[in-house]
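Asks: Just input.cif, nothing more (mmCIF, C-alpha atoms):
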data_data
#
loop_
_atom_site.group_PDB
_atom_site.id
_atom_site.type_symbol
_atom_site.label_atom_id
_atom_site.label_comp_id
_atom_site.auth_asym_id
_atom_site.auth_seq_id
_atom_site.Cartn_x
_atom_site.Cartn_y
_atom_site.Cartn_z
ATOM 1 C CA MET A 704 -16.007 -35.199 -31.165
ATOM 2 C CA SER A 705 -14.454 -38.378 -32.562
ATOM 3 C CA HIS A 706 -16.495 -41.505 -33.140
ATOM 4 C CA SER A 707 -15.506 -45.088 -33.963
ATOM 5 C CA ILE A 708 -16.429 -48.739 -33.750
ATOM 6 C CA VAL A 709 -14.008 -50.721 -31.565
ATOM 7 C CA PRO A 710 -13.593 -54.515 -31.671
ATOM 8 C CA ARG A 711 -14.495 -56.313 -28.477
ATOM 9 C CA ALA A 712 -10.888 -57.503 -27.955
ATOM 10 C CA TRP A 713 -10.058 -53.957 -26.830
ATOM 11 C CA LEU A 714 -12.625 -54.149 -24.056
ATOM 12 C CA ARG A 715 -11.788 -57.701 -23.073
ATOM 13 C CA CYS A 716 -8.278 -56.521 -22.207
ATOM 14 C CA VAL A 717 -9.594 -53.700 -20.028
ATOM 15 C CA LEU A 718 -12.132 -55.893 -18.261
ATOM 16 C CA PHE A 719 -9.563 -58.630 -17.795
ATOM 17 C CA LEU A 720 -7.205 -56.291 -15.969
ATOM 18 C CA CYS A 721 -10.024 -55.030 -13.730
ATOM 19 C CA MET A 722 -11.177 -58.551 -12.896
ATOM 20 C CA VAL A 723 -7.691 -59.737 -11.973
ATOM 21 C CA LEU A 724 -7.277 -56.755 -9.642
ATOM 22 C CA VAL A 725 -10.545 -57.619 -7.917
ATOM 23 C CA CYS A 726 -9.782 -61.312 -7.589
ATOM 24 C CA LEU A 727 -6.415 -60.549 -6.043
ATOM 25 C CA GLY A 728 -8.077 -58.464 -3.364
ATOM 26 C CA HIS A 729 -6.785 -55.039 -4.365
ATOM 27 C CA ILE A 730 -10.259 -53.721 -5.182
ATOM 28 C CA PRO A 731 -12.921 -53.758 -2.447
ATOM 29 C CA SER A 732 -15.641 -56.370 -2.877
ATOM 30 C CA ALA A 733 -19.194 -55.270 -3.617
ATOM 31 C CA GLY A 734 -22.498 -56.966 -4.240
ATOM 32 C CA ALA A 735 -23.305 -58.011 -7.790
ATOM 33 C CA LYS A 736 -25.651 -55.722 -9.689
ATOM 34 C CA LYS A 737 -26.917 -55.231 -13.194
ATOM 35 C CA ALA A 738 -26.020 -52.139 -15.193
ATOM 36 C CA ASP A 739 -29.419 -51.129 -16.574
ATOM 37 C CA GLY A 740 -28.006 -47.872 -17.954
ATOM 38 C CA PRO A 741 -24.724 -46.005 -18.340
ATOM 39 C CA VAL A 742 -22.091 -46.343 -15.606
ATOM 40 C CA ASN A 743 -19.919 -43.249 -15.181
ATOM 41 C CA ILE A 744 -16.291 -43.964 -14.260
ATOM 42 C CA LEU A 745 -13.953 -41.007 -13.708
ATOM 43 C CA LEU A 746 -10.312 -41.665 -14.631
ATOM 44 C CA ILE A 747 -8.001 -39.314 -12.712
ATOM 45 C CA GLY A 748 -4.341 -38.837 -13.625
ATOM 46 C CA LEU A 749 -2.203 -37.090 -10.998
ATOM 47 C CA ASP A 750 0.836 -34.871 -11.529
ATOM 48 C CA THR A 751 2.799 -36.628 -8.789
ATOM 49 C CA MET A 752 4.936 -39.695 -8.166
ATOM 50 C CA GLU A 753 2.386 -41.504 -5.972
ATOM 51 C CA THR A 754 -1.413 -41.419 -5.676
ATOM 52 C CA HIS A 755 -1.398 -40.732 -1.919
ATOM 53 C CA GLN A 756 0.564 -37.483 -2.252
ATOM 54 C CA SER A 757 -1.131 -34.073 -2.463
ATOM 55 C CA ALA A 758 -1.577 -33.378 -6.147
ATOM 56 C CA ARG A 759 -3.718 -31.776 -8.795
ATOM 57 C CA SER A 760 -5.728 -33.846 -11.236
ATOM 58 C CA ASP A 761 -3.813 -33.174 -14.422
ATOM 59 C CA THR A 762 -6.082 -35.487 -16.415
ATOM 60 C CA MET A 763 -9.820 -36.050 -15.899
ATOM 61 C CA ILE A 764 -11.662 -38.371 -18.285
ATOM 62 C CA LEU A 765 -15.220 -39.519 -17.662
ATOM 63 C CA LEU A 766 -15.982 -42.924 -19.183
ATOM 64 C CA SER A 767 -19.710 -43.454 -19.557
ATOM 65 C CA VAL A 768 -20.055 -47.191 -20.187
ATOM 66 C CA ASN A 769 -23.401 -48.626 -21.332
ATOM 67 C CA PRO A 770 -23.212 -52.435 -21.621
ATOM 68 C CA ALA A 771 -26.826 -52.761 -22.756
ATOM 69 C CA ALA A 772 -26.361 -50.310 -25.632
ATOM 70 C CA GLY A 773 -22.832 -51.506 -26.425
ATOM 71 C CA SER A 774 -21.365 -48.019 -26.163
ATOM 72 C CA VAL A 775 -18.573 -46.121 -24.420
ATOM 73 C CA ARG A 776 -18.382 -42.333 -24.246
ATOM 74 C CA ALA A 777 -15.108 -40.702 -23.147
ATOM 75 C CA LEU A 778 -15.478 -37.073 -22.046
ATOM 76 C CA SER A 779 -12.293 -35.205 -21.103
ATOM 77 C CA PHE A 780 -12.485 -32.195 -18.770
ATOM 78 C CA LEU A 781 -9.699 -29.679 -19.347
ATOM 79 C CA ARG A 782 -7.759 -28.851 -16.209
ATOM 80 C CA ASP A 783 -7.872 -25.057 -16.780
ATOM 81 C CA LEU A 784 -11.669 -24.829 -16.611
ATOM 82 C CA TYR A 785 -12.498 -21.917 -14.265
ATOM 83 C CA VAL A 786 -15.393 -23.092 -12.095
ATOM 84 C CA PRO A 787 -16.740 -22.806 -8.543
ATOM 85 C CA ILE A 788 -15.322 -25.462 -6.204
ATOM 86 C CA PRO A 789 -17.237 -25.968 -2.927
ATOM 87 C CA GLY A 790 -15.339 -24.345 -0.063
ATOM 88 C CA CYS A 791 -12.644 -22.963 -2.366
ATOM 89 C CA GLY A 792 -14.319 -20.290 -4.450
ATOM 90 C CA LYS A 793 -13.681 -20.082 -8.183
ATOM 91 C CA THR A 794 -10.448 -21.567 -9.511
ATOM 92 C CA ARG A 795 -9.127 -24.145 -11.956
ATOM 93 C CA LEU A 796 -10.936 -27.476 -12.018
ATOM 94 C CA ASN A 797 -7.740 -29.441 -11.370
ATOM 95 C CA ALA A 798 -7.489 -27.852 -7.906
ATOM 96 C CA ALA A 799 -10.581 -29.741 -6.704
ATOM 97 C CA TYR A 800 -8.629 -32.976 -6.251
ATOM 98 C CA TYR A 801 -5.836 -31.146 -4.415
ATOM 99 C CA PHE A 802 -8.241 -29.681 -1.858
ATOM 100 C CA GLY A 803 -10.603 -32.623 -1.408
ATOM 101 C CA GLY A 804 -9.576 -35.687 -3.392
ATOM 102 C CA GLU A 805 -12.001 -37.761 -5.447
ATOM 103 C CA GLU A 806 -15.073 -36.716 -3.454
ATOM 104 C CA LEU A 807 -14.613 -32.979 -3.968
ATOM 105 C CA LEU A 808 -13.831 -33.487 -7.646
ATOM 106 C CA LYS A 809 -16.990 -35.591 -8.071
ATOM 107 C CA THR A 810 -19.064 -32.936 -6.278
ATOM 108 C CA THR A 811 -17.558 -30.174 -8.415
ATOM 109 C CA LEU A 812 -18.457 -31.973 -11.649
ATOM 110 C CA GLN A 813 -21.964 -32.612 -10.349
ATOM 111 C CA ASN A 814 -22.499 -28.998 -9.285
ATOM 112 C CA ASN A 815 -21.164 -27.430 -12.470
ATOM 113 C CA PHE A 816 -22.118 -29.881 -15.205
ATOM 114 C CA GLY A 817 -24.883 -31.979 -13.676
ATOM 115 C CA ILE A 818 -22.885 -35.192 -14.144
ATOM 116 C CA THR A 819 -22.998 -37.920 -11.509
ATOM 117 C CA VAL A 820 -19.817 -39.976 -11.130
ATOM 118 C CA ASP A 821 -20.470 -43.576 -10.050
ATOM 119 C CA HIS A 822 -16.845 -44.685 -9.578
ATOM 120 C CA THR A 823 -13.309 -43.318 -9.714
ATOM 121 C CA VAL A 824 -9.960 -44.783 -10.787
ATOM 122 C CA THR A 825 -6.895 -42.751 -9.752
ATOM 123 C CA VAL A 826 -3.308 -43.246 -10.926
ATOM 124 C CA SER A 827 -0.113 -41.210 -10.917
ATOM 125 C CA PHE A 828 1.390 -40.193 -14.250
ATOM 126 C CA GLU A 829 4.544 -42.073 -13.344
ATOM 127 C CA LEU A 830 2.561 -45.316 -13.281
ATOM 128 C CA LEU A 831 1.661 -44.695 -16.918
ATOM 129 C CA ALA A 832 5.366 -44.558 -17.749
ATOM 130 C CA GLU A 833 6.037 -47.798 -15.883
ATOM 131 C CA VAL A 834 3.177 -49.630 -17.594
ATOM 132 C CA VAL A 835 4.335 -48.479 -21.044
ATOM 133 C CA ASP A 836 7.830 -49.812 -20.288
ATOM 134 C CA ARG A 837 6.445 -53.165 -19.149
ATOM 135 C CA MET A 838 4.418 -53.328 -22.363
ATOM 136 C CA GLY A 839 7.581 -52.880 -24.411
ATOM 137 C CA GLY A 840 6.783 -49.318 -25.521
ATOM 138 C CA ILE A 841 4.084 -47.892 -27.776
ATOM 139 C CA ASP A 842 4.112 -46.605 -31.352
ATOM 140 C CA LEU A 843 3.173 -42.970 -32.014
ATOM 141 C CA GLU A 844 3.498 -40.579 -34.937
ATOM 142 C CA LEU A 845 5.552 -37.535 -33.896
ATOM 143 C CA GLN A 846 5.530 -34.141 -35.606
ATOM 144 C CA GLN A 847 8.692 -32.070 -36.099
ATOM 145 C CA ALA A 848 7.278 -29.245 -33.944
ATOM 146 C CA GLU A 849 6.759 -31.675 -31.053
ATOM 147 C CA LEU A 850 10.391 -32.793 -30.758
ATOM 148 C CA GLU A 851 11.813 -29.782 -28.894
ATOM 149 C CA PRO A 852 9.085 -29.584 -26.199
ATOM 150 C CA LEU A 853 9.100 -33.381 -25.926
ATOM 151 C CA ASN A 854 12.832 -33.503 -25.230
ATOM 152 C CA LYS A 855 12.567 -30.631 -22.732
ATOM 153 C CA LEU A 856 9.922 -32.546 -20.795
ATOM 154 C CA ILE A 857 12.050 -35.703 -20.925
ATOM 155 C CA SER A 858 15.019 -33.757 -19.514
ATOM 156 C CA ALA A 859 12.837 -32.311 -16.738
ATOM 157 C CA TYR A 860 11.665 -35.801 -15.814
ATOM 158 C CA ASN A 861 15.250 -37.069 -15.872
ATOM 159 C CA GLN A 862 16.351 -34.296 -13.536
ATOM 160 C CA LYS A 863 13.442 -35.009 -11.187
ATOM 161 C CA THR A 864 14.263 -38.720 -11.003
ATOM 162 C CA GLY A 865 18.076 -38.516 -11.010
ATOM 163 C CA ARG A 866 18.641 -39.810 -14.546
ATOM 164 C CA PRO A 867 21.175 -38.410 -17.040
ATOM 165 C CA TYR A 868 19.867 -35.123 -18.475
ATOM 166 C CA GLY A 869 19.744 -36.206 -22.140
ATOM 167 C CA GLU A 870 18.679 -39.798 -21.636
ATOM 168 C CA GLY A 871 15.824 -40.834 -23.909
ATOM 169 C CA HIS A 872 15.791 -37.782 -26.182
ATOM 170 C CA VAL A 873 13.963 -38.388 -29.481
ATOM 171 C CA ALA A 874 15.988 -37.393 -32.540
ATOM 172 C CA ALA A 875 13.532 -37.523 -35.440
ATOM 173 C CA PRO A 876 9.842 -37.103 -36.273
ATOM 174 C CA GLY A 877 7.641 -39.789 -37.808
ATOM 175 C CA MET A 878 6.460 -43.096 -36.378
ATOM 176 C CA GLN A 879 8.526 -43.866 -33.284
ATOM 177 C CA ARG A 880 8.553 -46.567 -30.617
ATOM 178 C CA LEU A 881 8.338 -44.584 -27.355
ATOM 179 C CA ASN A 882 9.335 -45.854 -23.927
ATOM 180 C CA GLY A 883 7.460 -44.927 -20.758
ATOM 181 C CA VAL A 884 9.174 -41.602 -20.030
ATOM 182 C CA GLN A 885 8.881 -40.557 -23.660
ATOM 183 C CA ALA A 886 5.186 -41.457 -23.818
ATOM 184 C CA LEU A 887 4.472 -39.663 -20.531
ATOM 185 C CA SER A 888 6.335 -36.563 -21.703
ATOM 186 C CA TYR A 889 4.518 -36.623 -25.054
ATOM 187 C CA SER A 890 1.164 -36.661 -23.267
ATOM 188 C CA ARG A 891 2.095 -33.481 -21.386
ATOM 189 C CA ILE A 892 3.166 -31.305 -24.344
ATOM 190 C CA ARG A 893 1.182 -28.102 -24.596
ATOM 191 C CA SER A 894 3.715 -25.263 -24.989
ATOM 192 C CA ILE A 895 3.448 -25.321 -28.811
ATOM 193 C CA ASP A 896 -0.356 -25.126 -28.906
ATOM 194 C CA SER A 897 -2.810 -25.469 -26.015
ATOM 195 C CA ASP A 898 -4.435 -27.771 -23.500
ATOM 196 C CA PHE A 899 -6.929 -28.807 -26.185
ATOM 197 C CA GLN A 900 -4.159 -30.415 -28.249
ATOM 198 C CA ARG A 901 -2.597 -31.836 -25.081
ATOM 199 C CA VAL A 902 -5.815 -33.723 -24.405
ATOM 200 C CA GLY A 903 -5.640 -35.063 -27.958
ATOM 201 C CA ARG A 904 -2.118 -36.329 -27.301
ATOM 202 C CA GLN A 905 -3.274 -38.027 -24.108
ATOM 203 C CA GLN A 906 -6.023 -39.776 -26.043
ATOM 204 C CA ALA A 907 -3.459 -40.875 -28.649
ATOM 205 C CA VAL A 908 -1.251 -42.380 -25.920
ATOM 206 C CA ILE A 909 -4.195 -44.237 -24.377
ATOM 207 C CA ALA A 910 -5.274 -45.560 -27.780
ATOM 208 C CA ALA A 911 -1.724 -46.765 -28.524
ATOM 209 C CA MET A 912 -1.543 -48.493 -25.133
ATOM 210 C CA PHE A 913 -4.797 -50.335 -25.735
ATOM 211 C CA ASP A 914 -3.637 -51.339 -29.202
ATOM 212 C CA LYS A 915 -0.487 -52.842 -27.686
ATOM 213 C CA LEU A 916 -2.521 -54.426 -24.893
ATOM 214 C CA ARG A 917 -4.676 -56.319 -27.388
ATOM 215 C CA GLN A 918 -1.569 -58.029 -28.744
ATOM 216 C CA MET A 919 -0.407 -59.420 -25.383
ATOM 217 C CA ASP A 920 -0.888 -62.923 -24.089
ATOM 218 C CA PHE A 921 -2.548 -63.864 -20.803
ATOM 219 C CA PHE A 922 0.667 -64.332 -18.827
ATOM 220 C CA THR A 923 2.154 -60.980 -19.883
ATOM 221 C CA LEU A 924 -1.040 -59.190 -18.922
ATOM 222 C CA THR A 925 -1.126 -60.953 -15.556
ATOM 223 C CA SER A 926 2.505 -60.010 -14.900
ATOM 224 C CA ILE A 927 1.799 -56.319 -15.552
ATOM 225 C CA VAL A 928 -1.190 -56.417 -13.215
ATOM 226 C CA PHE A 929 0.819 -58.024 -10.387
ATOM 227 C CA GLN A 930 3.606 -55.478 -10.717
ATOM 228 C CA CYS A 931 1.422 -52.356 -10.843
ATOM 229 C CA MET A 932 -1.807 -53.165 -8.994
ATOM 230 C CA GLY A 933 -0.752 -51.658 -5.661
ATOM 231 C CA ARG A 934 -0.511 -48.170 -7.169
ATOM 232 C CA VAL A 935 -4.067 -47.888 -8.486
ATOM 233 C CA GLU A 936 -6.785 -46.451 -6.261
ATOM 234 C CA THR A 937 -10.442 -47.211 -7.028
ATOM 235 C CA ASP A 938 -13.783 -47.737 -5.334
ATOM 236 C CA MET A 939 -14.964 -50.297 -7.899
ATOM 237 C CA GLY A 940 -15.884 -53.700 -6.518
ATOM 238 C CA LEU A 941 -16.353 -57.127 -8.078
ATOM 239 C CA GLY A 942 -20.071 -56.509 -8.579
ATOM 240 C CA ASP A 943 -19.302 -53.269 -10.393
ATOM 241 C CA ILE A 944 -16.917 -55.052 -12.756
ATOM 242 C CA ASN A 945 -19.392 -57.887 -13.342
ATOM 243 C CA ALA A 946 -22.030 -55.355 -14.409
ATOM 244 C CA LEU A 947 -19.768 -54.263 -17.272
ATOM 245 C CA LEU A 948 -18.979 -57.754 -18.569
ATOM 246 C CA PRO A 949 -21.825 -57.915 -21.145
ATOM 247 C CA LEU A 950 -19.899 -55.312 -23.109
ATOM 248 C CA ALA A 951 -17.123 -57.856 -23.710
ATOM 249 C CA THR A 952 -19.499 -60.280 -25.434
ATOM 250 C CA ARG A 953 -20.287 -57.865 -28.253
ATOM 251 C CA GLU A 954 -18.528 -58.162 -31.586
ATOM 252 C CA GLU A 955 -18.215 -54.381 -31.834
ATOM 253 C CA VAL A 956 -18.557 -51.477 -29.411
ATOM 254 C CA ASP A 957 -19.504 -47.911 -30.311
ATOM 255 C CA VAL A 958 -16.850 -45.553 -28.874
ATOM 256 C CA ALA A 959 -16.897 -41.749 -29.063
ATOM 257 C CA MET A 960 -14.663 -39.053 -27.540
ATOM 258 C CA ALA A 961 -15.241 -35.382 -26.749
ATOM 259 C CA ARG A 962 -14.056 -32.746 -24.312
ATOM 260 C CA VAL A 963 -15.324 -29.959 -22.074
ATOM 261 C CA PRO A 964 -15.395 -27.115 -22.882
ATOM 262 C CA PHE A 965 -17.030 -27.681 -26.253
ATOM 263 C CA ASP A 966 -16.054 -25.470 -29.185
ATOM 264 C CA GLY A 967 -17.442 -21.956 -28.961
ATOM 265 C CA LEU A 968 -18.784 -22.421 -25.443
ATOM 266 C CA PHE A 969 -15.975 -20.797 -23.425
ATOM 267 C CA GLU A 970 -13.794 -17.706 -23.187
ATOM 268 C CA GLU A 971 -10.071 -17.527 -22.515
ATOM 269 C CA ASP A 972 -9.115 -15.143 -19.721
ATOM 270 C CA THR A 973 -6.379 -14.329 -17.198
ATOM 271 C CA ILE A 974 -7.714 -14.201 -13.643
ATOM 272 C CA SER A 975 -5.486 -13.684 -10.588
ATOM 273 C CA GLY A 976 -2.486 -14.349 -12.806
ATOM 274 C CA MET A 977 -3.910 -17.661 -14.066
ATOM 275 C CA GLN A 978 -4.655 -18.389 -17.718
ATOM 276 C CA VAL A 979 -8.052 -20.053 -17.563
ATOM 277 C CA LEU A 980 -10.986 -21.219 -19.663
ATOM 278 C CA VAL A 981 -14.267 -19.682 -18.526
ATOM 279 C CA PRO A 982 -17.044 -22.011 -19.693
ATOM 280 C CA ASN A 983 -20.664 -21.242 -20.432
ATOM 281 C CA LEU A 984 -21.888 -23.703 -17.828
ATOM 282 C CA ASP A 985 -25.454 -24.035 -19.090
ATOM 283 C CA SER A 986 -24.444 -24.673 -22.691
ATOM 284 C CA ASN A 987 -21.594 -27.039 -21.809
ATOM 285 C CA THR A 988 -23.861 -28.971 -19.443
ATOM 286 C CA ARG A 989 -26.450 -29.394 -22.176
ATOM 287 C CA ARG A 990 -23.850 -30.537 -24.735
ATOM 288 C CA ALA A 991 -22.220 -32.907 -22.247
ATOM 289 C CA LYS A 992 -25.526 -34.626 -21.508
ATOM 290 C CA GLU A 993 -26.334 -34.835 -25.226
ATOM 291 C CA PHE A 994 -22.961 -36.461 -25.840
ATOM 292 C CA LEU A 995 -23.157 -38.882 -22.926
ATOM 293 C CA TYR A 996 -26.828 -39.822 -23.039
ATOM 294 C CA GLY A 997 -28.160 -38.605 -26.393
ATOM 295 C CA LYS A 998 -30.514 -36.095 -24.792
#
The structure given in the file should be rewritten as structure tokens.

Replies:
Amino acid sequence: MSHSIVPRAWLRCVLFLCMVLVCLGHIPSAGAKKADGPVNILLIGLDTMETHQSARSDTMILLSVNPAAGSVRALSFLRDLYVPIPGCGKTRLNAAYYFGGEELLKTTLQNNFGITVDHTVTVSFELLAEVVDRMGGIDLELQQAELEPLNKLISAYNQKTGRPYGEGHVAAPGMQRLNGVQALSYSRIRSIDSDFQRVGRQQAVIAAMFDKLRQMDFFTLTSIVFQCMGRVETDMGLGDINALLPLATREEVDVAMARVPFDGLFEEDTISGMQVLVPNLDSNTRRAKEFLYGK
């Protein structure tokens, strides 16, 4: 688990983008309400070009936001978790979205880990690449071992989208300014280690994006929102966004990150030809609730 104190400018950027989306009518309106406790928002990243296509949820991050306490907890669920999915039997967690969208994924998390999801935000991975490009790229530290799998993923993306095979290859390790395709490909590397490290790379990309976001002026932010807002799906309304606004008034916000399964609370196995992570559900549920709610 990582833990840090984040300046409120980070959250102002996030809340600003959400508010603009609502005001422009691309998020359904809802009655105003007060967030007396944590609000659980599930961020879903899809392995497809568009959010309306059939896809698996390649990335699942639960943000538990507590405006009153001034805290944000980010809990990543690994896609290879082997769990029961209602109506589908036991299989990988990322199949829940494929078979039943946000609702089935929410139910699956509730049934297996006792976590209630209040809202969802769903985007395609390709939107991440587009946003990074519109931000002017992000800065990330690359390791030598990451270059070969990174460039292979870039080539695969190029082939999928009709670009030249070698376009955008990264030649050297160290701190690099990555464009959208490079950042997307970096977030998907796992051939050199495992899905645990892949989640860490995703968190690094998100952190770099927010760092760049904090440096942007109002008009640049507004432009990005206008250009990308139609490709985000969410059930959050204006009242839901308003309930989170007190968080933006704080000088500092307590942010921590973790992932399920927790260390030592799972077994690796191959079932029906699938490499999966078989979690101890009781222990992971207890640790998840301790992380999210301190109990």

Asks: List the spatial neighbours of Ser779 in chain A as a count of residues only - criterion: any atom at most 7 Å away, all atoms listed in the file, same-chain residues fewer than 4 positions off excluded.

Replies: 6

Asks: Between CA of Ile857 in chain A and CA of Val884 in chain A, measure the distance and give it in Å to one decimal.

Replies: 6.6 Å

Asks: Would you pick out the contacts of range 968-980 of chain A at 7 Å or less, using only C-alpha atoms, so that residues sharing its chain but fewer than 6 positions from it are not included, and give the list as a list in words?

Replies: Asp783, Leu784, Tyr785, Ser986 and Asn987 of chain A

Asks: Would you mind exporting the chosen residues as a CSV table (one decimal), in the frame of the given file, restricted to C-alpha atoms?

Replies:
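Okay, this is what ended up in again.csv:
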chain,number,residue,atom,x,y,z
A,783,ASP,CA,-7.9,-25.1,-16.8
A,784,LEU,CA,-11.7,-24.8,-16.6
A,785,TYR,CA,-12.5,-21.9,-14.3
A,986,SER,CA,-24.4,-24.7,-22.7
A,987,ASN,CA,-21.6,-27.0,-21.8

Asks: Restrict the calculation to all atoms listed in the file, then for each residue of range 819-873 of chain A with any atom at most 12 Å from an atom of range 891-898 of chain A give the closest atom pair and their distance in Å to one decimal, rows by chain and rising residue number, as CSV.

Replies:
residue,atom,partner,partner_atom,distance
A:Phe828,CA,A:Arg891,CA,9.8
A:Leu845,CA,A:Ile892,CA,11.7
A:Gln846,CA,A:Ile895,CA,11.3
A:Gln847,CA,A:Ile895,CA,11.2
A:Ala848,CA,A:Ile895,CA,7.5
A:Glu849,CA,A:Ile895,CA,7.5
A:Leu850,CA,A:Ile892,CA,9.8
A:Glu851,CA,A:Ile895,CA,9.5
A:Pro852,CA,A:Ile892,CA,6.4
A:Leu853,CA,A:Ile892,CA,6.5
A:Asn854,CA,A:Ile892,CA,10.0
A:Lys855,CA,A:Ile892,CA,9.6
A:Leu856,CA,A:Ile892,CA,7.7
A:Ile857,CA,A:Arg891,CA,10.2
A:Ala859,CA,A:Arg891,CA,11.8
A:Tyr860,CA,A:Arg891,CA,11.3

Asks: Report the distance between CA of Lys915 in chain A and CA of Glu833 in chain A in Å, rounded to one decimal place.

Replies: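 Computing the Euclidean distance for CA of Lys915 in chain A and CA of Glu833 in chain A yields 14.4 Å.
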
Asks: Between A:Glu844, A:Thr988, A:Lys809, A:Arg795, single out the one closest to Leu781 in chain A, counting all atoms listed in the file.

Replies: A:Arg795

Asks: Which residues of range 953-995 of chain A come within 9 Å of range 816-827 of chain A, and for each one, what is the closest pair of atoms and their distance in Å to one decimal, counting all atoms listed in the file, sorted by chain and residue number, as CSV?

Replies:
residue,atom,partner,partner_atom,distance
A:Leu984,CA,A:Phe816,CA,6.7
A:Asp985,CA,A:Phe816,CA,7.8
A:Asn987,CA,A:Phe816,CA,7.2
A:Thr988,CA,A:Phe816,CA,4.7
A:Arg989,CA,A:Phe816,CA,8.2
A:Ala991,CA,A:Phe816,CA,7.7
A:Lys992,CA,A:Ile818,CA,7.8

Asks: Between CA of Arg934 in chain A and CA of Val834 in chain A, what is the distance in Å, rounded to a tenth?

Replies: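 Atom-to-atom, CA of Arg934 in chain A to CA of Val834 in chain A, that is 11.2 Å.
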
Asks: Please identify all polymer residues within 8 Å of Arg776 in chain A, counting only C-alpha atoms, omitting same-chain residues fewer than 4 positions from it, and present them as a PyMOL selection string.

Replies: chain A and resi 765-768+958-960+994-995

Asks: Take the residues that were just selected and, keeping C-alpha atoms, output them as a PDB file, in the frame of the given file.

Replies:
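As a result, part_3.pdb now contains:
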ATOM      1  CA  LEU A 765     -15.220 -39.519 -17.662  1.00  0.00           C
ATOM      2  CA  LEU A 766     -15.982 -42.924 -19.183  1.00  0.00           C
ATOM      3  CA  SER A 767     -19.710 -43.454 -19.557  1.00  0.00           C
ATOM      4  CA  VAL A 768     -20.055 -47.191 -20.187  1.00  0.00           C
ATOM      5  CA  VAL A 958     -16.850 -45.553 -28.874  1.00  0.00           C
ATOM      6  CA  ALA A 959     -16.897 -41.749 -29.063  1.00  0.00           C
ATOM      7  CA  MET A 960     -14.663 -39.053 -27.540  1.00  0.00           C
ATOM      8  CA  PHE A 994     -22.961 -36.461 -25.840  1.00  0.00           C
ATOM      9  CA  LEU A 995     -23.157 -38.882 -22.926  1.00  0.00           C
TER      10      LEU A 995
END

Asks: Can you work out which one of A:Ile927, A:Met919, A:Leu796, A:Val742 has the shortest atom-to-atom distance to Pro964 in chain A, counting all atoms listed in the file?

Replies: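 When distances to Pro964 in chain A are compared using all atoms listed in the file, the smallest one comes from A:Leu796.
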
Asks: Just the residues within 12 Å of Leu831 in chain A, please, counting only C-alpha atoms, with nothing from its chain fewer than 6 positions along; format it as JSON, numbers by chain.

Replies: {"A": [747, 748, 749, 750, 751, 752, 753, 825, 837, 838, 840, 841, 882, 883, 884, 885, 886, 887, 888, 889, 890, 905, 908, 909, 912, 927, 931, 934, 935]}

Asks: Choose the residue, out of A:Ala772, A:Ala874, A:Val902, A:Leu807, that has the smallest atom-to-atom separation from Pro949 in chain A; count only C-alpha atoms.

Replies: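 Nearest candidate to Pro949 in chain A out of A:Ala772, A:Ala874, A:Val902, A:Leu807: A:Ala772.
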
Asks: What are the centre and the three edge lengths of an axis-aligned box that wraps all atoms of range 759-772 of chain A in the file, given that 3 Å is added to every side, written as AutoDock Vina command-line options and rounded to one decimal in Å?

Replies:
--center_x -15.3 --center_y -42.3 --center_z -17.2 --size_x 29.1 --size_y 27.0 --size_z 22.8

Asks: Please list as an MDAnalysis selection string every residue within 7 Å of Asn797 in chain A, counting only C-alpha atoms and excluding residues in the same chain fewer than 4 positions away.

Replies: chainID A and resid 759:761 782:783
